[in-house]
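*Asks:* Starting off with a structure, shown below.
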Amino acid sequence: MTRELENQLTGKRRLRLAINTALFACIAAPALIFAQDAGSQENPKSESNNTLEEVIVTANRREQSLMEVPIAVTAISGEDLSNFGVLDITAIAQMSPNTTLKVSRGTNTTLTAFIRGVGQQDPVAGFESGVGLYLDDVYLNRPQAAVMDIYDVERIEVLRGPQGTLYGRNTIGGAIKYVTKRLNPDGSEFDAKLSYGTDNMLDVVLTGSAAFTDSFRVGASVASFNRDGFGDNLYQKGVENYNKDVLGARISAEWEPNDDWFIRLAADYVEDDSDPRQGHRLYPAAFSGNPVLKNVYNTEAGLSNPKQTVEAEGVSLLTEWQLNDLITLKNVLADRSDETWSPIDFDSLPAADLDVPVNYTNDQFSEEFNVLFSADRWDGILGFYYLDANAFNAFDVILGQLGDIIGLPGLNAFTEGDVDTETWSVFGDFSFYLTNQWSVTVGGRYTEDKRTARVLRQTMLGGTSGHFGGSAFPIVTTSDFQGSKTYSKFTPKVSVDWTPNDDTLLYASYSEGFKGGGFDPRGQTSLAPDLDGDGVVSDDEIFEFMKFDPETVDTIELGWKASFFNGRMDSKLAVFFSNYTDVQIPGSVGVDTDGDGIEDTFTGVTTNAADADMNGFEWEGTAILTESQNFDMRLGWAVGYIDATFNEYIDKAGNDVAKDRVFQNTPEWTFSTNLAIDVPLASSTISIIPAVSYRSKTSIFEVPTADLDQGSYTLWDLSVVWSQNNGHWSAGLYGKNLTDERYKVAGYYFPALGLENNVTAFYGNPRQIWGTVNYSWF
């Protein structure tokens, strides 16, 4: 038996075992709770009055009960986010199975997102995310400034699996919806929240709204999030590492001229003035001799130009018009922009061995128009979407020490990428209720996606380039590429649902999604191969070298959603089988440009090099374990398993190295659970909520890297929340990562670029403890 076949069989056995375990758990858990329930029949009143609250989501672009949506969805309400002490959107990964959300390496607010093995961790212009992020139905085209803090939020939804029909391009892994609160139509209200904790954490959130008439109201939120660093920059005095200094604001105006119209104008703004986040060296400096620092949150980074800052803003106009009982029209118009300046010190040393100042600037305009239908025996949606976006980045790669040694003082590899995206699509999705128990959903989306790119790479001398205020001058241009290409794709969806009773949904679905193609924003055209062997590298050969095509995911999903014991327990199980084709593999490799045997820059190498399968399951649920006059107890859980395997992976030499490659940022197992104990007092309630989350071994890159890969780890959290029954006052005490676990979330691996053996890691947050006081007036 070949090693490849043996690996395939082993993977299938693991998958079968995992699915069988999940199915057994779904059957056994209700039986255990039923046994407990049977032993407490003396209190029938509490059994009948205490049920799980219905959760409403818009995963299908229309309001539905979570238990009726034939999609794997995690939905977390704003109240639960507050009770669990969720600070920003990355913590959602602890509650959603097969989901990875984290702060990108070398940044404070750039988001790296993976769902079911699909995502993107490289934030440079030209690379697209595999997970769509939405703020109130507005797609965020770029990951910068996307690590959103949690405030003024109604709920967050995580949709797993391809969402190509309803959500379009770049949602092949799934989609995340951040839904803010609508204003109170019944009058004015005000909310103030103050938090203080370890590392001088000080958060203030003020929210208010006023109804000027029965049909017109205005609301606003202002938030300040501050914290000292988990570490310090030991070289630059007064500069911290992993600190937080963020100001955010949202304002909205809502007008309902009559019962058929709803118009909402909203704007948001965020400014992040946190100090640069630098990595922890895993090896002593090979040339300058600096030792490995004991505190993984400390740094000796010397790069200070440019000043670290992130600024983002957006405005949107939502219009809804219910024409009649059958048809509702909806339009979402939006414009967004953001800009980031950051000094990323890859070597994390005082010396300029591998210093990378960067600038990202993004702009986007989007328009989406929907026609929603709601009839007795069918409902659906027709839509049109348009996006016009630009993503620009510029960065230096300053190899000062190497340049001095080889006689090229201030050696710098400058890169500038400018990418325009113009995309439009039409889509439809309709559900037909054949009987009271059976329904069929069919949908499809046609997309045209035009990418236009300019990539400029120059080798410079003199240190910092003019873009960052320096005086470096070019000595050679290694890339000056301009290209454009239009891609088109039809992504269908079909689902069959069976509801044998009011408490059970079983579904089977097939869906497709794709992520746009483009041009490598770090590609070096001087390295383009002579494909036809005629001795000349033509423009067409350079174009093919720089280009990469779209990637696609096809998924079959089988699901079972059920409610048990008069609404006291719900269970949501999804089993999925996905094929991932033309996988885009972006990467960077060191390059020796002058033939002296020393790598003096790095270049992008992006290919559609791989084909893979991702199979697994997800099981989520909530159960009321006990209920009495003394206390209530609820259990929540989420389990995810994925067997993600490359079938083919062609490296830059043309060899198939699939057996030596793994999926990045995709642990095989994810697990979380929480136990909420509510204790009623005279006119208030105390909730005690311990929670735990587990992630198995995670690889940072496709090539296993022992230095950076993170072994399995567990995080323990605890919340204690007191709230008045009238809703005015509440207070909480929160603890995160109580065992103070050290775990890597990202890193840079350039041991041969520069002179210092540059391997640096970034870590998740250490133990944090804080208290919160909240007052609401209404």
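All residue names refer to the structure tokens as shown: chains lettered A, B, ... in order, residues numbered from 1 in each chain, ligands numbered from 1 in order.
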Going by DSSP on the backbone, which bits of region 645-716 of chain A are strand (DSSP E)? Write them as a VMD selection string, please.

*Replies:* chain A and resid 645 to 649 669 to 680 684 to 695 713 to 716

*Asks:* Please dump the current selection as a PDB file, in the first residue's frame; keep C-alpha atoms.

*Replies:*
ATOM      1  CA  THR A 645      -5.844  17.186   3.123  1.00  0.00           C
ATOM      2  CA  PHE A 646      -4.052  18.312  -0.008  1.00  0.00           C
ATOM      3  CA  ASN A 647      -4.514  15.914  -2.911  1.00  0.00           C
ATOM      4  CA  GLU A 648      -2.025  17.820  -5.047  1.00  0.00           C
ATOM      5  CA  TYR A 649       0.430  20.596  -4.256  1.00  0.00           C
ATOM      6  CA  TRP A 669     -10.313  19.875  16.490  1.00  0.00           C
ATOM      7  CA  THR A 670     -11.997  22.897  18.046  1.00  0.00           C
ATOM      8  CA  PHE A 671     -14.131  22.710  21.136  1.00  0.00           C
ATOM      9  CA  SER A 672     -15.792  25.157  23.509  1.00  0.00           C
ATOM     10  CA  THR A 673     -18.330  24.964  26.289  1.00  0.00           C
ATOM     11  CA  ASN A 674     -19.824  27.289  28.850  1.00  0.00           C
ATOM     12  CA  LEU A 675     -22.035  26.815  31.891  1.00  0.00           C
ATOM     13  CA  ALA A 676     -24.309  29.732  32.834  1.00  0.00           C
ATOM     14  CA  ILE A 677     -25.623  29.650  36.401  1.00  0.00           C
ATOM     15  CA  ASP A 678     -28.277  32.295  37.088  1.00  0.00           C
ATOM     16  CA  VAL A 679     -29.063  32.995  40.745  1.00  0.00           C
ATOM     17  CA  PRO A 680     -32.076  35.268  41.382  1.00  0.00           C
ATOM     18  CA  SER A 684     -31.706  41.325  40.451  1.00  0.00           C
ATOM     19  CA  THR A 685     -29.812  38.303  39.123  1.00  0.00           C
ATOM     20  CA  ILE A 686     -26.232  37.086  39.430  1.00  0.00           C
ATOM     21  CA  SER A 687     -24.869  35.027  36.535  1.00  0.00           C
ATOM     22  CA  ILE A 688     -21.750  32.919  36.962  1.00  0.00           C
ATOM     23  CA  ILE A 689     -20.363  31.750  33.613  1.00  0.00           C
ATOM     24  CA  PRO A 690     -17.251  29.568  33.439  1.00  0.00           C
ATOM     25  CA  ALA A 691     -16.114  28.814  29.891  1.00  0.00           C
ATOM     26  CA  VAL A 692     -13.395  26.770  28.247  1.00  0.00           C
ATOM     27  CA  SER A 693     -12.142  26.529  24.664  1.00  0.00           C
ATOM     28  CA  TYR A 694      -9.703  24.093  23.084  1.00  0.00           C
ATOM     29  CA  ARG A 695      -7.797  24.086  19.798  1.00  0.00           C
ATOM     30  CA  TYR A 713      -3.895  24.521  24.003  1.00  0.00           C
ATOM     31  CA  THR A 714      -6.859  25.325  26.254  1.00  0.00           C
ATOM     32  CA  LEU A 715      -8.151  28.695  27.425  1.00  0.00           C
ATOM     33  CA  TRP A 716     -10.192  29.058  30.629  1.00  0.00           C
TER      34      TRP A 716
END

*Asks:* I want to know what sits within 6 Å of region 748-765 of chain A, based on only C-alpha atoms, with residues of the same chain fewer than 6 positions away left out; could you give that as a PyMOL selection string?

*Replies:* chain A and resi 279-282+285-287+347+353+599

*Asks:* Could you please take those selected residues and save C-alpha atoms as a compact mmCIF listing (two decimals), in the first residue's frame?

*Replies:*
# COMPACT_ATOMS: atom_id res chain seq x y z
CA GLY A 279 7.31 40.00 17.27
CA HIS A 280 9.30 37.90 19.72
CA ARG A 281 12.60 36.51 18.44
CA LEU A 282 12.88 32.76 18.81
CA ALA A 285 20.65 37.40 16.83
CA ALA A 286 23.23 35.63 14.68
CA PHE A 287 25.20 38.77 13.79
CA ASP A 347 14.03 41.20 12.92
CA ASP A 353 18.60 43.98 9.44
CA GLU A 599 19.59 36.58 -0.33

*Asks:* Please provide as a ChimeraX atom specification all residues within 12 Å of Val773 (chain A), with the sequence filter that same-chain residues fewer than 3 positions apart are discarded (counting only C-alpha atoms).

*Replies:* /A:82,191-197,202-205,721-724,728-734,770,776

*Asks:* Measuring atom to atom with only C-alpha atoms, identify which of A:Pro143, A:Gly117, A:Gly516, A:Pro550 is nearest to Asp613 (chain A).

*Replies:*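 Answer, going by the shortest atom-to-atom distance: A:Gly117.
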
*Asks:* What is the CA of Gln144 (chain A) to CA of Ser337 (chain A) distance in Å?

*Replies:*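 Those two atoms sit 10.0 Å apart.
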
*Asks:* Please list as a PyMOL selection string every residue within 10 Å of Pro123 (chain A), counting only C-alpha atoms and excluding residues in the same chain fewer than 3 positions away.

*Replies:* chain A and resi 104-105+110-112+120+126-129+142-144+360+393

*Asks:* Mind pulling up the distance from CA of Ala610 (chain A) to CA of Ile585 (chain A)?

*Replies:*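 Distance reported for this atom pair: 7.6 Å.
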
*Asks:* For Thr478 (chain A), work out the shell of residues within 10 Å, counting only C-alpha atoms and skipping chain neighbours fewer than 4 positions away, then give it as a list of chain:residue names.

*Replies:* A:Ala413, A:Phe414, A:Thr415, A:Leu456, A:Arg457, A:Gln458, A:Thr459, A:Gly523, A:Gln524, A:Thr525, A:Ser526, A:Leu527, A:Thr593

*Asks:* Could the residues in this selection be saved with C-alpha atoms as a PDB file, in the first residue's frame?

*Replies:*
ATOM      1  CA  ALA A 413      13.899  46.509  -1.833  1.00  0.00           C
ATOM      2  CA  PHE A 414      10.948  48.855  -2.405  1.00  0.00           C
ATOM      3  CA  THR A 415       7.542  47.522  -3.504  1.00  0.00           C
ATOM      4  CA  LEU A 456       6.522  48.322  -9.028  1.00  0.00           C
ATOM      5  CA  ARG A 457       9.621  46.861  -7.401  1.00  0.00           C
ATOM      6  CA  GLN A 458      12.920  48.691  -7.184  1.00  0.00           C
ATOM      7  CA  THR A 459      16.253  47.978  -5.552  1.00  0.00           C
ATOM      8  CA  GLY A 523       5.924  39.454  -7.859  1.00  0.00           C
ATOM      9  CA  GLN A 524       9.306  40.178  -9.414  1.00  0.00           C
ATOM     10  CA  THR A 525       9.008  40.166 -13.204  1.00  0.00           C
ATOM     11  CA  SER A 526      12.778  39.757 -13.660  1.00  0.00           C
ATOM     12  CA  LEU A 527      12.307  36.206 -12.320  1.00  0.00           C
ATOM     13  CA  THR A 593      19.499  39.337  -7.101  1.00  0.00           C
TER      14      THR A 593
END

*Asks:* Using only C-alpha atoms, which residues sit within 8 Å of Asn98 (chain A) once same-chain residues fewer than 3 positions away are excluded, as a list in words?

*Replies:*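 Once the nearby chain positions are removed, what remains is Ile115, Arg116, Gly117, Glu618, Gly640, Tyr641, Ile642, Thr666, Pro667, Trp669 and Thr670 of chain A.
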